[in-house]
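Visitor: Got a structure for you, start-v8.cif, holding mmCIF, N, CA and C atoms.
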```cif
data_query
#
loop_
_atom_site.label_atom_id
_atom_site.label_comp_id
_atom_site.auth_asym_id
_atom_site.auth_seq_id
_atom_site.Cartn_x
_atom_site.Cartn_y
_atom_site.Cartn_z
N MET A 1 85.70 85.61 175.64
CA MET A 1 86.58 86.35 174.77
C MET A 1 87.41 87.38 175.53
N PRO A 2 86.90 88.04 176.56
CA PRO A 2 87.71 89.05 177.22
C PRO A 2 88.91 88.49 177.99
N TYR A 3 88.96 87.18 178.16
CA TYR A 3 90.09 86.54 178.85
C TYR A 3 91.21 86.17 177.87
N MET A 4 90.94 86.31 176.57
CA MET A 4 91.89 85.86 175.55
C MET A 4 92.96 86.91 175.27
N ALA A 5 94.18 86.44 175.04
CA ALA A 5 95.30 87.33 174.72
C ALA A 5 95.09 87.94 173.33
N PRO A 6 95.62 89.16 173.12
CA PRO A 6 95.44 89.81 171.82
C PRO A 6 95.91 88.97 170.64
N GLU A 7 97.04 88.28 170.81
CA GLU A 7 97.55 87.48 169.68
C GLU A 7 96.60 86.33 169.33
N ILE A 8 95.87 85.81 170.30
CA ILE A 8 94.89 84.75 170.03
C ILE A 8 93.72 85.34 169.27
N LEU A 9 93.30 86.55 169.66
CA LEU A 9 92.22 87.23 168.93
C LEU A 9 92.62 87.49 167.48
N ARG A 10 93.92 87.62 167.24
CA ARG A 10 94.41 87.84 165.87
C ARG A 10 94.62 86.53 165.11
N GLY A 11 94.30 85.40 165.74
CA GLY A 11 94.38 84.12 165.06
C GLY A 11 95.70 83.40 165.18
N LYS A 12 96.60 83.87 166.03
CA LYS A 12 97.89 83.20 166.21
C LYS A 12 97.73 82.02 167.16
N GLU A 13 98.78 81.18 167.24
CA GLU A 13 98.73 79.98 168.07
C GLU A 13 98.79 80.31 169.56
N TYR A 14 98.15 79.44 170.35
CA TYR A 14 98.24 79.54 171.80
C TYR A 14 99.66 79.20 172.24
N THR A 15 100.15 79.93 173.21
CA THR A 15 101.45 79.64 173.82
C THR A 15 101.31 79.80 175.33
N LYS A 16 102.36 79.46 176.05
CA LYS A 16 102.35 79.68 177.50
C LYS A 16 102.23 81.17 177.81
N LYS A 17 102.77 82.01 176.95
CA LYS A 17 102.67 83.46 177.15
C LYS A 17 101.23 83.94 176.98
N SER A 18 100.47 83.27 176.12
CA SER A 18 99.04 83.59 175.99
C SER A 18 98.32 83.26 177.28
N ASP A 19 98.70 82.15 177.88
CA ASP A 19 98.12 81.77 179.17
C ASP A 19 98.44 82.79 180.25
N MET A 20 99.63 83.38 180.20
CA MET A 20 100.01 84.36 181.21
C MET A 20 99.15 85.61 181.09
N TYR A 21 98.80 85.99 179.87
CA TYR A 21 97.88 87.12 179.69
C TYR A 21 96.56 86.80 180.39
N SER A 22 96.04 85.61 180.14
CA SER A 22 94.78 85.19 180.75
C SER A 22 94.88 85.15 182.27
N LEU A 23 96.02 84.73 182.79
CA LEU A 23 96.22 84.71 184.24
C LEU A 23 96.08 86.12 184.81
N GLY A 24 96.65 87.09 184.13
CA GLY A 24 96.52 88.48 184.58
C GLY A 24 95.07 88.92 184.64
N ILE A 25 94.28 88.48 183.68
CA ILE A 25 92.84 88.79 183.68
C ILE A 25 92.16 88.06 184.83
N ILE A 26 92.48 86.80 185.01
CA ILE A 26 91.84 85.99 186.06
C ILE A 26 92.12 86.56 187.45
N ILE A 27 93.34 87.05 187.67
CA ILE A 27 93.71 87.58 188.98
C ILE A 27 92.77 88.70 189.41
N ILE A 28 92.31 89.51 188.48
CA ILE A 28 91.44 90.63 188.86
C ILE A 28 89.97 90.32 188.67
N SER A 29 89.63 89.06 188.47
CA SER A 29 88.27 88.71 188.06
C SER A 29 87.24 88.62 189.18
N ILE A 30 87.42 89.37 190.26
CA ILE A 30 86.34 89.46 191.23
C ILE A 30 85.12 90.04 190.53
N ILE A 31 85.35 91.07 189.74
CA ILE A 31 84.33 91.59 188.82
C ILE A 31 84.84 91.24 187.43
N PRO A 32 84.07 90.53 186.64
CA PRO A 32 84.56 90.07 185.33
C PRO A 32 85.08 91.22 184.46
N PRO A 33 86.12 90.95 183.67
CA PRO A 33 86.69 91.99 182.82
C PRO A 33 85.73 92.42 181.73
N PHE A 34 85.67 93.72 181.50
CA PHE A 34 84.85 94.30 180.44
C PHE A 34 83.38 93.90 180.57
N ASN A 35 82.89 93.75 181.80
CA ASN A 35 81.51 93.34 182.01
C ASN A 35 80.51 94.39 181.55
N ASP A 36 80.95 95.63 181.42
CA ASP A 36 80.04 96.71 181.04
C ASP A 36 80.08 97.02 179.55
N GLU A 37 80.69 96.12 178.77
CA GLU A 37 80.80 96.33 177.33
C GLU A 37 80.34 95.09 176.57
N SER A 38 79.92 95.31 175.34
CA SER A 38 79.56 94.21 174.46
C SER A 38 80.82 93.43 174.10
N HIS A 39 80.74 92.11 174.16
CA HIS A 39 81.87 91.25 173.79
C HIS A 39 81.78 90.96 172.30
N ASP A 40 82.25 91.89 171.52
CA ASP A 40 82.11 91.81 170.08
C ASP A 40 83.42 92.18 169.39
N TYR A 41 83.34 92.36 168.09
CA TYR A 41 84.51 92.71 167.29
C TYR A 41 85.21 93.96 167.82
N TYR A 42 84.44 94.94 168.24
CA TYR A 42 85.02 96.22 168.68
C TYR A 42 85.80 96.08 169.99
N LEU A 43 85.32 95.24 170.89
CA LEU A 43 86.08 94.98 172.11
C LEU A 43 87.37 94.25 171.76
N ALA A 44 87.29 93.26 170.86
CA ALA A 44 88.50 92.54 170.43
C ALA A 44 89.50 93.52 169.82
N LEU A 45 89.02 94.43 169.00
CA LEU A 45 89.89 95.44 168.38
C LEU A 45 90.53 96.33 169.45
N ASP A 46 89.73 96.76 170.43
CA ASP A 46 90.27 97.58 171.53
C ASP A 46 91.33 96.83 172.33
N ILE A 47 91.10 95.54 172.60
CA ILE A 47 92.09 94.74 173.33
C ILE A 47 93.38 94.65 172.52
N CYS A 48 93.26 94.42 171.23
CA CYS A 48 94.44 94.35 170.36
C CYS A 48 95.18 95.68 170.31
N ARG A 49 94.46 96.78 170.52
CA ARG A 49 95.07 98.12 170.53
C ARG A 49 95.59 98.51 171.91
N GLY A 50 95.49 97.59 172.89
CA GLY A 50 96.09 97.85 174.20
C GLY A 50 95.12 98.10 175.34
N LYS A 51 93.83 98.04 175.09
CA LYS A 51 92.87 98.26 176.17
C LYS A 51 92.94 97.09 177.15
N ARG A 52 92.95 97.41 178.45
CA ARG A 52 92.96 96.40 179.50
C ARG A 52 91.95 96.80 180.56
N PRO A 53 91.47 95.83 181.35
CA PRO A 53 90.52 96.17 182.42
C PRO A 53 91.19 97.08 183.46
N LYS A 54 90.36 97.83 184.16
CA LYS A 54 90.86 98.67 185.26
C LYS A 54 91.20 97.77 186.45
N ILE A 55 92.33 98.03 187.06
CA ILE A 55 92.73 97.30 188.26
C ILE A 55 92.24 98.10 189.46
N ARG A 56 91.58 97.44 190.37
CA ARG A 56 91.03 98.11 191.55
C ARG A 56 92.13 98.85 192.31
N ASP A 57 91.80 100.04 192.81
CA ASP A 57 92.77 100.88 193.50
C ASP A 57 93.38 100.21 194.73
N GLU A 58 92.59 99.40 195.43
CA GLU A 58 93.08 98.79 196.66
C GLU A 58 93.96 97.55 196.43
N THR A 59 94.18 97.20 195.17
CA THR A 59 95.06 96.08 194.84
C THR A 59 96.50 96.45 195.23
N PRO A 60 97.20 95.58 195.95
CA PRO A 60 98.59 95.88 196.32
C PRO A 60 99.44 96.18 195.09
N ASP A 61 100.36 97.13 195.22
CA ASP A 61 101.17 97.58 194.09
C ASP A 61 101.92 96.44 193.41
N PHE A 62 102.51 95.53 194.19
CA PHE A 62 103.27 94.44 193.58
C PHE A 62 102.36 93.55 192.74
N LEU A 63 101.11 93.39 193.16
CA LEU A 63 100.17 92.57 192.40
C LEU A 63 99.72 93.31 191.14
N LYS A 64 99.53 94.62 191.23
CA LYS A 64 99.21 95.42 190.04
C LYS A 64 100.31 95.25 188.99
N LYS A 65 101.57 95.33 189.44
CA LYS A 65 102.70 95.20 188.52
C LYS A 65 102.74 93.82 187.88
N SER A 66 102.46 92.79 188.67
CA SER A 66 102.44 91.42 188.13
C SER A 66 101.35 91.28 187.08
N ILE A 67 100.18 91.81 187.38
CA ILE A 67 99.05 91.75 186.44
C ILE A 67 99.43 92.47 185.15
N GLN A 68 99.98 93.68 185.27
CA GLN A 68 100.34 94.45 184.08
C GLN A 68 101.42 93.76 183.26
N LYS A 69 102.36 93.08 183.90
CA LYS A 69 103.37 92.32 183.16
C LYS A 69 102.71 91.19 182.37
N CYS A 70 101.73 90.54 182.98
CA CYS A 70 101.01 89.45 182.30
C CYS A 70 100.27 89.97 181.07
N TRP A 71 99.83 91.21 181.12
CA TRP A 71 99.05 91.81 180.03
C TRP A 71 99.89 92.46 178.95
N ASP A 72 101.21 92.36 179.02
CA ASP A 72 102.05 93.03 178.03
C ASP A 72 101.59 92.66 176.62
N GLY A 73 101.51 93.65 175.75
CA GLY A 73 101.07 93.42 174.38
C GLY A 73 102.01 92.55 173.57
N ILE A 74 103.26 92.44 174.01
CA ILE A 74 104.25 91.61 173.32
C ILE A 74 104.40 90.32 174.13
N PRO A 75 103.94 89.19 173.59
CA PRO A 75 103.96 87.93 174.35
C PRO A 75 105.31 87.59 174.96
N GLU A 76 106.40 87.86 174.25
CA GLU A 76 107.73 87.51 174.75
C GLU A 76 108.09 88.28 176.03
N ASN A 77 107.43 89.41 176.27
CA ASN A 77 107.71 90.22 177.46
C ASN A 77 106.94 89.74 178.69
N ARG A 78 105.99 88.84 178.50
CA ARG A 78 105.19 88.36 179.63
C ARG A 78 106.00 87.39 180.48
N PRO A 79 105.76 87.41 181.79
CA PRO A 79 106.50 86.51 182.68
C PRO A 79 106.02 85.07 182.54
N THR A 80 106.79 84.16 183.09
CA THR A 80 106.35 82.77 183.17
C THR A 80 105.50 82.62 184.43
N SER A 81 104.78 81.52 184.52
CA SER A 81 103.97 81.28 185.73
C SER A 81 104.88 81.18 186.95
N GLU A 82 106.07 80.61 186.78
CA GLU A 82 107.02 80.51 187.89
C GLU A 82 107.46 81.89 188.36
N GLN A 83 107.70 82.80 187.41
CA GLN A 83 108.10 84.16 187.78
C GLN A 83 106.99 84.88 188.54
N VAL A 84 105.76 84.72 188.09
CA VAL A 84 104.63 85.36 188.78
C VAL A 84 104.48 84.77 190.18
N PHE A 85 104.55 83.46 190.27
CA PHE A 85 104.43 82.80 191.57
C PHE A 85 105.50 83.31 192.53
N ASN A 86 106.75 83.33 192.06
CA ASN A 86 107.86 83.78 192.91
C ASN A 86 107.71 85.25 193.31
N GLU A 87 107.27 86.07 192.38
CA GLU A 87 107.09 87.49 192.69
C GLU A 87 106.02 87.69 193.76
N ILE A 88 104.92 86.98 193.63
CA ILE A 88 103.86 87.07 194.64
C ILE A 88 104.35 86.52 195.97
N LEU A 89 104.97 85.36 195.92
CA LEU A 89 105.47 84.74 197.15
C LEU A 89 106.50 85.63 197.85
N ASN A 90 107.40 86.22 197.09
CA ASN A 90 108.42 87.09 197.67
C ASN A 90 107.82 88.33 198.33
N ASN A 91 106.64 88.73 197.88
CA ASN A 91 106.01 89.91 198.44
C ASN A 91 105.08 89.61 199.61
N ILE A 92 104.70 88.36 199.78
CA ILE A 92 103.82 88.04 200.91
C ILE A 92 104.50 87.17 201.96
N CYS A 93 105.71 86.74 201.67
CA CYS A 93 106.41 85.87 202.62
C CYS A 93 107.82 86.41 202.84
N VAL A 94 108.10 86.79 204.08
CA VAL A 94 109.42 87.29 204.44
C VAL A 94 109.91 86.46 205.62
N ASP A 95 111.07 85.84 205.48
CA ASP A 95 111.62 84.99 206.54
C ASP A 95 110.61 83.93 207.00
N ASN A 96 109.94 83.34 206.04
CA ASN A 96 108.93 82.31 206.30
C ASN A 96 107.78 82.80 207.19
N GLN A 97 107.59 84.10 207.28
CA GLN A 97 106.48 84.67 208.04
C GLN A 97 105.50 85.26 207.02
N TYR A 98 104.39 84.56 206.80
CA TYR A 98 103.41 85.02 205.83
C TYR A 98 102.75 86.31 206.28
N LEU A 99 102.42 87.13 205.33
CA LEU A 99 101.74 88.40 205.54
C LEU A 99 102.54 89.37 206.41
N LYS A 100 103.87 89.26 206.38
CA LYS A 100 104.73 90.25 207.03
C LYS A 100 105.47 90.97 205.92
N CYS A 101 104.82 91.93 205.34
CA CYS A 101 105.43 92.62 204.22
C CYS A 101 104.89 94.02 204.14
N SER A 102 104.49 94.41 202.95
CA SER A 102 104.05 95.78 202.74
C SER A 102 102.78 96.09 203.53
N LYS A 103 102.59 97.36 203.78
CA LYS A 103 101.41 97.82 204.52
C LYS A 103 100.14 97.40 203.80
N GLN A 104 100.17 97.39 202.46
CA GLN A 104 98.98 97.01 201.70
C GLN A 104 98.56 95.58 202.01
N ILE A 105 99.53 94.67 202.12
CA ILE A 105 99.20 93.28 202.42
C ILE A 105 98.64 93.18 203.83
N GLU A 106 99.25 93.92 204.75
CA GLU A 106 98.77 93.88 206.13
C GLU A 106 97.34 94.39 206.24
N GLU A 107 96.92 95.26 205.32
CA GLU A 107 95.57 95.80 205.35
C GLU A 107 94.56 94.91 204.64
N LEU A 108 95.00 93.88 203.95
CA LEU A 108 94.07 93.03 203.21
C LEU A 108 92.97 92.42 204.07
N PRO A 109 93.28 91.91 205.28
CA PRO A 109 92.17 91.36 206.08
C PRO A 109 91.07 92.39 206.33
N GLU A 110 91.44 93.66 206.53
CA GLU A 110 90.43 94.70 206.71
C GLU A 110 89.60 94.87 205.45
N LEU A 111 90.25 94.87 204.29
CA LEU A 111 89.52 95.00 203.03
C LEU A 111 88.56 93.84 202.84
N ILE A 112 89.04 92.63 203.12
CA ILE A 112 88.18 91.46 202.97
C ILE A 112 86.99 91.56 203.92
N TYR A 113 87.26 91.99 205.15
CA TYR A 113 86.18 92.15 206.12
C TYR A 113 85.18 93.20 205.63
N ASP A 114 85.69 94.30 205.07
CA ASP A 114 84.81 95.36 204.57
C ASP A 114 83.91 94.87 203.44
N PHE A 115 84.38 93.89 202.65
CA PHE A 115 83.59 93.38 201.54
C PHE A 115 82.65 92.25 201.96
N ALA A 116 82.80 91.73 203.17
CA ALA A 116 81.99 90.59 203.61
C ALA A 116 80.50 90.82 203.46
N PRO A 117 79.94 92.00 203.84
CA PRO A 117 78.49 92.18 203.70
C PRO A 117 77.99 92.09 202.27
N ILE A 118 78.81 92.47 201.28
CA ILE A 118 78.31 92.45 199.91
C ILE A 118 78.29 91.05 199.32
N THR A 119 78.88 90.06 199.99
CA THR A 119 78.82 88.70 199.46
C THR A 119 77.39 88.18 199.49
N LYS A 120 76.54 88.79 200.28
CA LYS A 120 75.14 88.38 200.35
C LYS A 120 74.31 89.00 199.24
N LEU A 121 74.86 89.98 198.54
CA LEU A 121 74.13 90.63 197.46
C LEU A 121 74.14 89.75 196.22
N THR A 122 73.20 89.98 195.35
CA THR A 122 73.19 89.23 194.09
C THR A 122 74.22 89.83 193.15
N LYS A 123 74.56 89.08 192.12
CA LYS A 123 75.55 89.52 191.15
C LYS A 123 75.14 90.85 190.51
N THR A 124 73.88 91.04 190.22
CA THR A 124 73.45 92.27 189.56
C THR A 124 73.55 93.47 190.49
N GLN A 125 73.55 93.25 191.78
CA GLN A 125 73.70 94.36 192.71
C GLN A 125 75.15 94.80 192.82
N LEU A 126 76.09 93.92 192.55
CA LEU A 126 77.51 94.24 192.66
C LEU A 126 78.02 95.04 191.46
N TYR A 127 77.57 94.70 190.28
CA TYR A 127 78.02 95.38 189.08
C TYR A 127 77.00 95.15 187.98
N LYS A 128 76.99 96.05 187.02
CA LYS A 128 76.06 95.95 185.90
C LYS A 128 76.77 95.27 184.73
N THR A 129 76.14 94.27 184.17
CA THR A 129 76.71 93.54 183.04
C THR A 129 75.99 93.93 181.76
N HIS A 130 76.75 94.26 180.74
CA HIS A 130 76.21 94.60 179.42
C HIS A 130 75.46 93.39 178.88
N THR A 131 74.38 93.63 178.18
CA THR A 131 73.57 92.52 177.65
C THR A 131 74.33 91.67 176.65
N GLN A 132 75.35 92.22 176.01
CA GLN A 132 76.14 91.46 175.04
C GLN A 132 77.51 91.05 175.61
N ALA A 133 77.64 91.08 176.93
CA ALA A 133 78.86 90.56 177.58
C ALA A 133 78.62 89.07 177.79
N ILE A 134 79.21 88.25 176.94
CA ILE A 134 78.93 86.81 176.91
C ILE A 134 80.16 86.05 177.41
N TYR A 135 79.97 85.25 178.46
CA TYR A 135 81.08 84.53 179.09
C TYR A 135 81.04 83.03 178.80
N THR A 136 80.49 82.65 177.66
CA THR A 136 80.48 81.25 177.26
C THR A 136 81.18 81.14 175.91
N SER A 137 81.62 79.94 175.58
CA SER A 137 82.32 79.73 174.31
C SER A 137 81.39 79.99 173.14
N ARG A 138 81.95 80.61 172.11
CA ARG A 138 81.20 80.84 170.88
C ARG A 138 82.19 81.13 169.76
N LEU A 139 81.75 80.95 168.55
CA LEU A 139 82.58 81.21 167.38
C LEU A 139 82.58 82.70 167.10
N LEU A 140 83.76 83.28 166.95
CA LEU A 140 83.89 84.70 166.66
C LEU A 140 84.61 84.88 165.33
N ASN A 141 84.11 85.79 164.52
CA ASN A 141 84.78 86.12 163.26
C ASN A 141 85.62 87.37 163.50
N LEU A 142 86.89 87.17 163.77
CA LEU A 142 87.79 88.28 164.08
C LEU A 142 88.93 88.35 163.07
N SER A 143 88.65 87.98 161.84
CA SER A 143 89.71 87.86 160.83
C SER A 143 90.33 89.20 160.45
N ASN A 144 89.68 90.31 160.73
CA ASN A 144 90.22 91.61 160.32
C ASN A 144 91.03 92.32 161.39
N LEU A 145 91.37 91.65 162.48
CA LEU A 145 92.15 92.30 163.53
C LEU A 145 93.60 92.31 163.11
#
```
Would you mind writing the file out in structure tokens?

Guide:
Amino acid sequence: MPYMAPEILRGKEYTKKSDMYSLGIIIISIIPPFNDESHDYYLALDICRGKRPKIRDETPDFLKKSIQKCWDGIPENRPTSEQVFNEILNNICVDNQYLKCSKQIEELPELIYDFAPITKLTKTQLYKTHTQAIYTSRLLNLSNL
């Protein structure tokens, strides 16, 4: 449920713009979205009211902006997958030289290296998951959103 666009939670039809919202959630899913909260009616209501997961501070600015565009509360304002792809590509590829761009991108290998030791930790050591944070399909009664 936390990957679903607000309009889907309200019972509207799936569109490509709904998928773009989900893409924004997936991009930051190293730690699952809203893992510390119950996945219930109240989380759905909060999402419909504009609540979004926190984006990690070390995320490059251009990627933060792309994610936030994907999460726009108005589906028509969300980018297409082609726009997101081009925006990311334009920020990591300059003159066909990959990773020659912003200082943040150049620092990514260091960040990845810094996180290497924690890949050996168990999931529960990385973050705490709420007992009602459910990441499997289920029927939800969200008719009052």

Visitor: Any chance you could work out the residue set of the PyMOL selection byres ((chain A and resi 20) around 8) here, as an MDAnalysis selection string?

Guide: chainID A and resid 5 15:19 21:26 67 69:72 78:81

Visitor: By how many Å are atom C of A:Ile47 and atom CA of A:Pro6 apart?

Guide: 5.3 Å

Visitor: Which residues would end up in the selection if the PyMOL selection byres ((chain A and resi 1) around 8) were applied here, given that I need the answer as an NGL selection string?

Guide: :A and (2-5 or 39-40 or 43-44 or 134-138)

Visitor: Just say which residues the PyMOL selection byres (((chain A and resi 38 and name CA) around 9) and name CA) picks in this file, as a list of chain:residue names.

Guide: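 Evaluating the PyMOL selection byres (((chain A and resi 38 and name CA) around 9) and name CA) on these coordinates yields A:Phe34, A:Asn35, A:Asp36, A:Glu37, A:His39, A:Asp40, A:Tyr41, A:Tyr42, A:Leu43, A:His130, A:Thr131, A:Gln132, A:Ala133, A:Ile134.
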
Visitor: Taking the backbone alone, and naming residues the way the document does, which bits of stretch 5-67 of chain A are helix (DSSP H, G or I) by DSSP, as a PyMOL selection string?

Guide: chain A and resi 6-9+16-27+41-48+61-67

Visitor: Name the closest residue to A:Asn144 among the candidates A:Gly11, A:Thr129, A:Leu63, A:Pro53; distances are taken between atoms, counting only C-alpha atoms.

Guide: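 Of the candidates, the smallest distance to A:Asn144 is held by A:Gly11.
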
Visitor: Quick one: residues within 8 Å of A:Arg10, only C-alpha atoms, excluding same-chain residues fewer than 3 positions away - as a list in words?

Guide: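 Here the answer would be Pro6, Glu7, Cys48, Leu142, Ser143, Asn144 and Leu145 of chain A.
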
Visitor: Could you please determine the separation between atom CA of A:Phe85 and atom C of A:Glu58 in Å, to one decimal place?

Guide: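 Those two atoms sit 18.7 Å apart.
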